[in-house]
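Here is the structure we will look at.
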Amino acid sequence: MNFPSKLIEDAVNEFSRLPGVGKKTALRFVLHLLKKEQSDVLQLSDAIKRMREEIQYCKICFNISDGEKCSVCSNSRRDERLLCVVESIKDVINIENTNQYNGRYHVLGGVISPIEGIGPEQLHIDQLIDRVKNENVEEVIMALNPTMDGDTTIFFISRKLAESKVRISTLARGVAFGGDLSYVDEFTLARSLQTRRPFESYLSKQ
Amino acid sequence: MALYLHKLSILNYKNLQPQELEFSEGFNCFTGKNGSGKTNLLDAVYMLGLTRSYFNHSDADNVQHHEDFYRLCGTFHEAENQYVTEVAYGKKQRKFVRVNDEKAKKFSDHIGRFPILIITPDDIHLVKGYSEGRRAMMDQVICQTDRFYLEALGHYQKVLKQRNQYLKNLEANADEDLMDSYDLQLVNSGKLIYEKRSAFLEGIKAPFEAIYKAVSEDNESVEFIYESHLNDGDFIEILKNSRQKDVITRRTLYGLHKDDIRFEMNQYAVKKMASQGQQKSFLIALKLACAEYLTKSSGKKPILLLDDIFDKLDQNRVEALVRFILNVNAGQVFLSDTDYGRIKRIFEKVKVPHRIFEVSEGKII
């Protein structure tokens, strides 16, 4: 793609490095910004700059944070007996958006995968074990992705936590709510049958 | 009416010219010189059933030179139903499998819908070669009858890869908890694989012996034995006992990825003792027994692809073999042979619906 201006070209190249953005979309962004008031555009670039420079990771749970402690960890109304272990910050956002969870989090930063060079040392597993030891945690909820590497990580952590006698649970896996059985793949359906639940508890916990 | 492939249209697949073909529900014979494209026609049928080539697993290599995509479209009939099945791959387009305008979400969803069994001259490596080929043969057949097997197999291989990589990366002692985690997962999917493989080999035993007797016309006693580390005890114990060795050698020494089948004739290894002709009969019997297994466990007669299996057999034996295949498996058959005259003479004698195609330079003439 040829550009009449080096300045435009640089901007397009920067935008096209974003995930899901190609050259054409990048050009659309750039031309759009060009039409805007200068102050509006500076507001955008300023927000990006401040976001990158000032954001921190929570010292306790490794969630994103504006200060040393994230908004969840510093909120005294959150239940400290519940600890939800997730792979990434994205998962914290997802679970927060359910409005169903009032405990705290621990962000691992990934799952164990030797092929990608990720061992337990690269993840925040030691910190998790310390938290369980030192804080008032009664239950650890493993909310990792249902993959083979996720399972490996869950098993590994549960072994490391075995001494602490903390209760360990995992997310339920099965048929999606509002779905249609004929559209559920047979592995999920088989698993849902194996891990079926008594009807009474199903109702009471809804 | 049994399952059969009625029509096939081909575009840019290997050396084949663009063409549309119509088949008999009985025997379809491709005759022609070496390199004319007979085997590629069989492979095109294989692709429609199993979503990949039997001969070349890289799709880029299956696209004709100077073209950038291939497309196969076959119409299968089964009872009253018709299944228009498309497989297409392009260098700039993701490969897809579509049946009656519905894309398969995963290729594994498609496998088994149209069971297919192929016999080629290369398959002699099943008898003579390494264990890898024999495991692949078991997997190919069982996958077509059991999706949970395919899933377990994929899981097992993923765990194994991670476990081996972990062992390879080790600089100090292995973390026992992490090793336990991998072991447990190997055992989880391994259990199903072992059960299914055992049942499969048990299931083809009787048909195999009967077919070998009929095909070979000799009285040798033949058998095969499933060799698996899991025969010797509990898998989790086996893994635990070999952990130290695994750490030293930096790979997983025991498990289903080492399974093998030992073929014996009069209690000697077939690969060492049997003549070439006997090895060939052995192979044909083994594959036809697999076809019977497919019929029994999927309830559908598989489409048989016989690539050049009459080579070096005299006409009487070819005729006997054709009659035999007709008896054990009345499903649709595709076969390739270099000798047009011989095929023509045989089907003058054997009364069965058939079509004979002459293939030259990638095209039916």
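Going by the structure tokens order, chains are called A, B, ..., each with residues numbered from 1, while ligands are numbered from 1 in the order shown.
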Set out as JSON lines a contact list for chain A and chain B with a cut-off of 9 Å, giving each residue of chain A that qualifies its closest atom pair and distance in Å to one decimal, counting only C-alpha atoms, ordered by chain and rising residue number.
{"residue": "A:Ser113", "atom": "CA", "partner": "B:Gln162", "partner_atom": "CA", "distance": 6.6}
{"residue": "A:Pro114", "atom": "CA", "partner": "B:Tyr166", "partner_atom": "CA", "distance": 5.1}
{"residue": "A:Ile115", "atom": "CA", "partner": "B:Gln165", "partner_atom": "CA", "distance": 5.9}
{"residue": "A:Gly117", "atom": "CA", "partner": "B:Asn169", "partner_atom": "CA", "distance": 8.4}
{"residue": "A:Gly119", "atom": "CA", "partner": "B:Tyr166", "partner_atom": "CA", "distance": 8.3}
{"residue": "A:Pro120", "atom": "CA", "partner": "B:Leu178", "partner_atom": "CA", "distance": 8.8}
{"residue": "A:Met148", "atom": "CA", "partner": "B:Val159", "partner_atom": "CA", "distance": 7.2}
{"residue": "A:Asp149", "atom": "CA", "partner": "B:Val159", "partner_atom": "CA", "distance": 8.2}
{"residue": "A:Asp151", "atom": "CA", "partner": "B:Ser181", "partner_atom": "CA", "distance": 8.3}
{"residue": "A:Thr152", "atom": "CA", "partner": "B:Ser181", "partner_atom": "CA", "distance": 5.6}
{"residue": "A:Thr153", "atom": "CA", "partner": "B:Ser181", "partner_atom": "CA", "distance": 8.2}
{"residue": "A:Ile154", "atom": "CA", "partner": "B:Ser181", "partner_atom": "CA", "distance": 8.8}
{"residue": "A:Phe155", "atom": "CA", "partner": "B:Ser181", "partner_atom": "CA", "distance": 5.8}
{"residue": "A:Phe156", "atom": "CA", "partner": "B:Leu178", "partner_atom": "CA", "distance": 5.5}
{"residue": "A:Ile157", "atom": "CA", "partner": "B:Asp177", "partner_atom": "CA", "distance": 8.7}
{"residue": "A:Arg159", "atom": "CA", "partner": "B:Asp177", "partner_atom": "CA", "distance": 6.4}
{"residue": "A:Lys160", "atom": "CA", "partner": "B:Asp177", "partner_atom": "CA", "distance": 7.7}
{"residue": "A:Glu186", "atom": "CA", "partner": "B:Phe148", "partner_atom": "CA", "distance": 8.7}
{"residue": "A:Phe187", "atom": "CA", "partner": "B:Phe148", "partner_atom": "CA", "distance": 7.5}
Those same residues, written as a compact mmCIF listing (two decimals), in the first residue's frame with all heavy atoms?
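The resulting file, part32.txt, is shown below:
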# COMPACT_ATOMS: atom_id res chain seq x y z
N SER A 113 2.82 -25.44 30.27
CA SER A 113 2.96 -26.02 28.94
C SER A 113 4.43 -26.06 28.54
O SER A 113 4.97 -25.09 28.03
CB SER A 113 2.15 -25.20 27.92
OG SER A 113 2.46 -25.65 26.62
N PRO A 114 5.09 -27.19 28.79
CA PRO A 114 6.52 -27.29 28.49
C PRO A 114 6.83 -26.96 27.02
O PRO A 114 7.88 -26.40 26.73
CB PRO A 114 6.84 -28.76 28.80
CG PRO A 114 5.82 -29.16 29.79
CD PRO A 114 4.58 -28.39 29.45
N ILE A 115 5.89 -27.28 26.11
CA ILE A 115 6.15 -27.02 24.70
C ILE A 115 6.32 -25.53 24.45
O ILE A 115 7.13 -25.11 23.63
CB ILE A 115 5.02 -27.60 23.84
CG1 ILE A 115 5.16 -29.13 23.81
CG2 ILE A 115 5.03 -27.04 22.42
CD1 ILE A 115 4.01 -29.83 23.15
N GLY A 117 7.42 -23.59 26.69
CA GLY A 117 8.44 -23.13 27.63
C GLY A 117 7.87 -22.58 28.91
O GLY A 117 8.53 -21.81 29.60
N GLY A 119 6.80 -23.40 32.52
CA GLY A 119 6.79 -24.34 33.64
C GLY A 119 6.14 -23.65 34.83
O GLY A 119 5.80 -22.47 34.75
N PRO A 120 5.99 -24.38 35.94
CA PRO A 120 5.37 -23.79 37.14
C PRO A 120 6.09 -22.53 37.60
O PRO A 120 5.47 -21.61 38.13
CB PRO A 120 5.48 -24.89 38.18
CG PRO A 120 5.66 -26.15 37.40
CD PRO A 120 6.32 -25.77 36.11
N MET A 148 -6.38 -29.64 28.14
CA MET A 148 -5.47 -30.61 28.74
C MET A 148 -4.44 -29.90 29.64
O MET A 148 -4.17 -30.33 30.75
CB MET A 148 -4.78 -31.37 27.61
CG MET A 148 -3.84 -32.43 28.05
SD MET A 148 -2.21 -32.05 27.40
CE MET A 148 -1.30 -32.18 28.89
N ASP A 149 -3.90 -28.76 29.16
CA ASP A 149 -2.91 -28.04 29.95
C ASP A 149 -3.55 -27.40 31.19
O ASP A 149 -2.92 -27.32 32.24
CB ASP A 149 -2.24 -26.96 29.09
CG ASP A 149 -1.37 -27.57 28.00
OD1 ASP A 149 -0.80 -28.65 28.24
OD2 ASP A 149 -1.29 -26.98 26.91
N ASP A 151 -6.01 -28.78 32.83
CA ASP A 151 -6.15 -29.90 33.76
C ASP A 151 -4.83 -30.21 34.45
O ASP A 151 -4.79 -30.50 35.65
CB ASP A 151 -6.64 -31.16 33.01
CG ASP A 151 -8.13 -31.07 32.69
OD1 ASP A 151 -8.78 -30.13 33.18
OD2 ASP A 151 -8.62 -31.94 31.95
N THR A 152 -3.74 -30.18 33.66
CA THR A 152 -2.42 -30.43 34.24
C THR A 152 -2.16 -29.43 35.36
O THR A 152 -1.71 -29.80 36.46
CB THR A 152 -1.33 -30.25 33.16
OG1 THR A 152 -1.61 -31.12 32.08
CG2 THR A 152 0.04 -30.55 33.71
N THR A 153 -2.46 -28.17 35.08
CA THR A 153 -2.18 -27.10 36.04
C THR A 153 -3.06 -27.25 37.29
O THR A 153 -2.58 -27.09 38.42
CB THR A 153 -2.42 -25.73 35.38
OG1 THR A 153 -1.73 -25.72 34.12
CG2 THR A 153 -1.92 -24.61 36.24
N ILE A 154 -4.32 -27.61 37.08
CA ILE A 154 -5.22 -27.80 38.22
C ILE A 154 -4.71 -28.92 39.13
O ILE A 154 -4.61 -28.78 40.34
CB ILE A 154 -6.65 -28.14 37.75
CG1 ILE A 154 -7.29 -26.92 37.07
CG2 ILE A 154 -7.53 -28.59 38.92
CD1 ILE A 154 -8.64 -27.20 36.45
N PHE A 155 -4.34 -30.02 38.48
CA PHE A 155 -3.85 -31.16 39.26
C PHE A 155 -2.58 -30.78 40.03
O PHE A 155 -2.44 -31.07 41.22
CB PHE A 155 -3.57 -32.35 38.34
CG PHE A 155 -3.13 -33.56 39.08
CD1 PHE A 155 -4.06 -34.47 39.56
CD2 PHE A 155 -1.79 -33.81 39.33
CE1 PHE A 155 -3.67 -35.59 40.27
CE2 PHE A 155 -1.38 -34.92 40.04
CZ PHE A 155 -2.33 -35.82 40.50
N PHE A 156 -1.68 -30.10 39.33
CA PHE A 156 -0.41 -29.70 39.92
C PHE A 156 -0.64 -28.82 41.16
O PHE A 156 -0.10 -29.07 42.22
CB PHE A 156 0.43 -28.96 38.88
CG PHE A 156 1.75 -28.48 39.38
CD1 PHE A 156 2.82 -29.35 39.47
CD2 PHE A 156 1.92 -27.15 39.77
CE1 PHE A 156 4.05 -28.91 39.94
CE2 PHE A 156 3.14 -26.71 40.25
CZ PHE A 156 4.21 -27.59 40.33
N ILE A 157 -1.50 -27.81 40.98
CA ILE A 157 -1.77 -26.89 42.09
C ILE A 157 -2.45 -27.62 43.25
O ILE A 157 -2.12 -27.42 44.41
CB ILE A 157 -2.63 -25.70 41.62
CG1 ILE A 157 -1.81 -24.84 40.66
CG2 ILE A 157 -3.12 -24.87 42.80
CD1 ILE A 157 -2.60 -23.71 40.02
N ARG A 159 -2.12 -30.62 44.13
CA ARG A 159 -1.09 -31.36 44.87
C ARG A 159 -0.32 -30.45 45.81
O ARG A 159 -0.04 -30.78 46.96
CB ARG A 159 -0.11 -32.00 43.89
CG ARG A 159 -0.51 -33.38 43.42
CD ARG A 159 -0.49 -34.35 44.60
NE ARG A 159 -0.88 -35.66 44.20
CZ ARG A 159 -0.04 -36.53 43.61
NH1 ARG A 159 1.21 -36.21 43.39
NH2 ARG A 159 -0.47 -37.72 43.26
N LYS A 160 0.04 -29.29 45.28
CA LYS A 160 0.84 -28.34 46.08
C LYS A 160 0.04 -27.80 47.26
O LYS A 160 0.61 -27.34 48.24
CB LYS A 160 1.33 -27.18 45.21
CG LYS A 160 2.26 -27.60 44.07
CD LYS A 160 3.55 -28.21 44.57
CE LYS A 160 4.46 -28.61 43.42
NZ LYS A 160 5.47 -29.63 43.82
N GLU A 186 -20.84 -34.31 21.34
CA GLU A 186 -21.08 -35.52 22.14
C GLU A 186 -20.12 -35.70 23.31
O GLU A 186 -20.45 -36.34 24.29
CB GLU A 186 -21.05 -36.76 21.24
CG GLU A 186 -19.83 -36.87 20.41
CD GLU A 186 -20.15 -37.50 19.05
OE1 GLU A 186 -21.27 -37.39 18.59
OE2 GLU A 186 -19.25 -38.09 18.47
N PHE A 187 -18.93 -35.08 23.22
CA PHE A 187 -17.98 -35.22 24.33
C PHE A 187 -18.48 -34.42 25.54
O PHE A 187 -18.42 -34.88 26.67
CB PHE A 187 -16.60 -34.75 23.90
CG PHE A 187 -16.15 -35.43 22.66
CD1 PHE A 187 -16.00 -34.72 21.48
CD2 PHE A 187 -15.92 -36.80 22.65
CE1 PHE A 187 -15.61 -35.35 20.32
CE2 PHE A 187 -15.54 -37.44 21.49
CZ PHE A 187 -15.38 -36.71 20.33
_Those in stretch 87-215 of chain B with helix (DSSP H, G or I) from DSSP, as a PyMOL selection string_ = chain B and resi 107-110+121-128+131-143+147-169+176-215
Near B:Leu304, counting only C-alpha atoms, which residues have an atom at most 8 Å away, once you skip same-chain residues fewer than 4 positions from it, shown as a count of residues only?
-> 9
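Interatomic distance, atom CA of A:Glu87 against atom CA of A:Pro19: 19.7 Å.
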Who sits within 10 Å of stretch 350-362 of chain B, only C-alpha atoms, same chain under 4 positions skipped, as a PyMOL selection string:
chain B and resi 13-19+21-38+40-41+319-320+322-323+326+330+332-340+343-346
Margin query: Please determine, counting only C-alpha atoms, which residue among B:Val63, B:Ser58, B:Leu5, B:Ile10 has the shortest atom-to-atom distance to B:Ile364.
Written below: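 Comparing B:Val63, B:Ser58, B:Leu5, B:Ile10 against B:Ile364, the winner is B:Ile10.
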- Message: Measuring between only C-alpha atoms, which one of B:Met138, B:Ala104, B:Ile111, B:Leu126 shows the shortest distance to B:Ser298?
- Response: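 With only C-alpha atoms as the atom set, the closest residue is B:Ile111.
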* Asked: What's the 9 Å shell around B:Leu288, counting only C-alpha atoms, without same-chain residues fewer than 2 positions away, as a list in words?
  -> Leu117, Ile119, Pro207, Phe208, Ile211, Leu283, Ile284, Ala285, Leu286, Cys290, Ala291, Glu292, Tyr293, Leu304, Ile325, Val328 and Asn329 of chain B
* To do: Mind checking which residues fall within 12 Å of B:Arg94, counting only C-alpha atoms, ignoring those fewer than 6 positions away in the same chain, and posting them as a count of residues only?
  => 8
- For stretch 142-144 of chain A, please output as a list in words all residues within 7 Å (counting only C-alpha atoms; exclusion window: fewer than 6 positions along the same chain).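 Everything that qualifies: Cys84, Val85, Val86, Glu87, Gly150, Ile154, Ser169, Thr170 and Leu171 of chain A.
Our summary of the geometry notes that atom CA of B:Lys191 is positioned 18.9 Å from atom CA of A:Thr195.
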Exercise. Distance atom CA of B:Phe114-atom CA of A:Gly174, one decimal place?
Worked result: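 Answer for the atom CA of B:Phe114 to atom CA of A:Gly174 separation: 29.0 Å.
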Margin query: I need the residues in stretch 64-164 of chain B that are strand (DSSP E) according to DSSP; give them as a PyMOL selection string.
Written below: chain B and resi 69-78+81-90+93-99+102-103+116-119
Please produce a file of the residues just selected, as a tab-separated table (two decimals), in the first residue's frame, where the atoms kept are N, CA and C atoms.
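The result, stored in result30.tsv:
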chain	number	residue	atom	x	y	z
B	69	PHE	N	-5.55	-24.33	-5.54
B	69	PHE	CA	-6.52	-25.01	-4.69
B	69	PHE	C	-6.93	-26.34	-5.34
B	70	TYR	N	-7.53	-27.21	-4.55
B	70	TYR	CA	-8.19	-28.37	-5.15
B	70	TYR	C	-9.59	-28.48	-4.58
B	71	ARG	N	-10.45	-29.16	-5.30
B	71	ARG	CA	-11.82	-29.33	-4.82
B	71	ARG	C	-12.31	-30.69	-5.28
B	72	LEU	N	-12.85	-31.46	-4.34
B	72	LEU	CA	-13.45	-32.76	-4.66
B	72	LEU	C	-14.90	-32.71	-4.23
B	73	CYS	N	-15.77	-33.22	-5.06
B	73	CYS	CA	-17.17	-33.25	-4.67
B	73	CYS	C	-17.74	-34.61	-5.03
B	74	GLY	N	-18.23	-35.33	-4.05
B	74	GLY	CA	-18.77	-36.67	-4.30
B	74	GLY	C	-20.20	-36.75	-3.82
B	75	THR	N	-21.00	-37.51	-4.52
B	75	THR	CA	-22.37	-37.73	-4.06
B	75	THR	C	-22.49	-39.17	-3.57
B	76	PHE	N	-22.70	-39.31	-2.29
B	76	PHE	CA	-22.89	-40.63	-1.71
B	76	PHE	C	-24.38	-40.93	-1.60
B	77	HIS	N	-24.73	-42.17	-1.80
B	77	HIS	CA	-26.11	-42.58	-1.57
B	77	HIS	C	-26.13	-43.60	-0.45
B	78	GLU	N	-27.12	-43.47	0.41
B	78	GLU	CA	-27.27	-44.46	1.46
B	78	GLU	C	-28.77	-44.57	1.71
B	81	ASN	N	-31.20	-41.69	1.21
B	81	ASN	CA	-30.57	-40.38	1.39
B	81	ASN	C	-29.42	-40.15	0.43
B	82	GLN	N	-29.20	-38.87	0.17
B	82	GLN	CA	-28.13	-38.48	-0.72
B	82	GLN	C	-27.26	-37.48	0.02
B	83	TYR	N	-25.95	-37.69	-0.04
B	83	TYR	CA	-25.04	-36.79	0.67
B	83	TYR	C	-24.05	-36.20	-0.32
B	84	VAL	N	-24.24	-34.92	-0.62
B	84	VAL	CA	-23.27	-34.24	-1.48
B	84	VAL	C	-22.12	-33.78	-0.58
B	85	THR	N	-20.96	-34.35	-0.81
B	85	THR	CA	-19.84	-34.13	0.08
B	85	THR	C	-18.72	-33.40	-0.64
B	86	GLU	N	-18.32	-32.28	-0.09
B	86	GLU	CA	-17.24	-31.52	-0.72
B	86	GLU	C	-16.05	-31.43	0.22
B	87	VAL	N	-14.86	-31.59	-0.34
B	87	VAL	CA	-13.64	-31.33	0.39
B	87	VAL	C	-12.83	-30.37	-0.47
B	88	ALA	N	-12.47	-29.24	0.09
B	88	ALA	CA	-11.70	-28.28	-0.70
B	88	ALA	C	-10.60	-27.71	0.15
B	89	TYR	N	-9.51	-27.41	-0.50
B	89	TYR	CA	-8.37	-26.81	0.19
B	89	TYR	C	-7.72	-25.81	-0.76
B	90	GLY	N	-7.37	-24.67	-0.25
B	90	GLY	CA	-6.66	-23.70	-1.08
B	90	GLY	C	-5.49	-23.15	-0.31
B	93	GLN	N	-7.01	-20.38	1.33
B	93	GLN	CA	-8.34	-20.58	1.89
B	93	GLN	C	-8.26	-21.79	2.82
B	94	ARG	N	-8.95	-21.70	3.93
B	94	ARG	CA	-8.90	-22.83	4.87
B	94	ARG	C	-9.58	-24.04	4.28
B	95	LYS	N	-9.00	-25.19	4.57
B	95	LYS	CA	-9.62	-26.43	4.10
B	95	LYS	C	-10.99	-26.61	4.76
B	96	PHE	N	-11.95	-27.10	4.01
B	96	PHE	CA	-13.22	-27.39	4.65
B	96	PHE	C	-13.84	-28.68	4.11
B	97	VAL	N	-14.70	-29.25	4.91
B	97	VAL	CA	-15.48	-30.42	4.52
B	97	VAL	C	-16.93	-30.04	4.67
B	98	ARG	N	-17.72	-30.26	3.63
B	98	ARG	CA	-19.11	-29.84	3.68
B	98	ARG	C	-19.98	-30.99	3.20
B	99	VAL	N	-21.02	-31.32	3.96
B	99	VAL	CA	-21.95	-32.36	3.54
B	99	VAL	C	-23.33	-31.73	3.42
B	102	GLU	N	-23.63	-28.28	4.63
B	102	GLU	CA	-23.33	-27.99	6.03
B	102	GLU	C	-21.86	-28.29	6.31
B	103	LYS	N	-21.14	-27.26	6.76
B	103	LYS	CA	-19.71	-27.44	7.02
B	103	LYS	C	-19.49	-28.26	8.29
B	116	ILE	N	-14.37	-46.18	5.03
B	116	ILE	CA	-13.58	-46.53	3.86
B	116	ILE	C	-12.39	-47.37	4.31
B	117	LEU	N	-12.06	-48.36	3.50
B	117	LEU	CA	-10.88	-49.15	3.80
B	117	LEU	C	-10.05	-49.29	2.53
B	118	ILE	N	-8.76	-49.03	2.66
B	118	ILE	CA	-7.88	-49.06	1.49
B	118	ILE	C	-6.81	-50.13	1.66
B	119	ILE	N	-6.48	-50.80	0.57
B	119	ILE	CA	-5.35	-51.72	0.56
B	119	ILE	C	-4.42	-51.28	-0.57
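The closest residue to A:Arg131, picked from A:Ser45, A:Asn99, A:Gln38, A:Ser164 and counting only C-alpha atoms, is A:Ser164.
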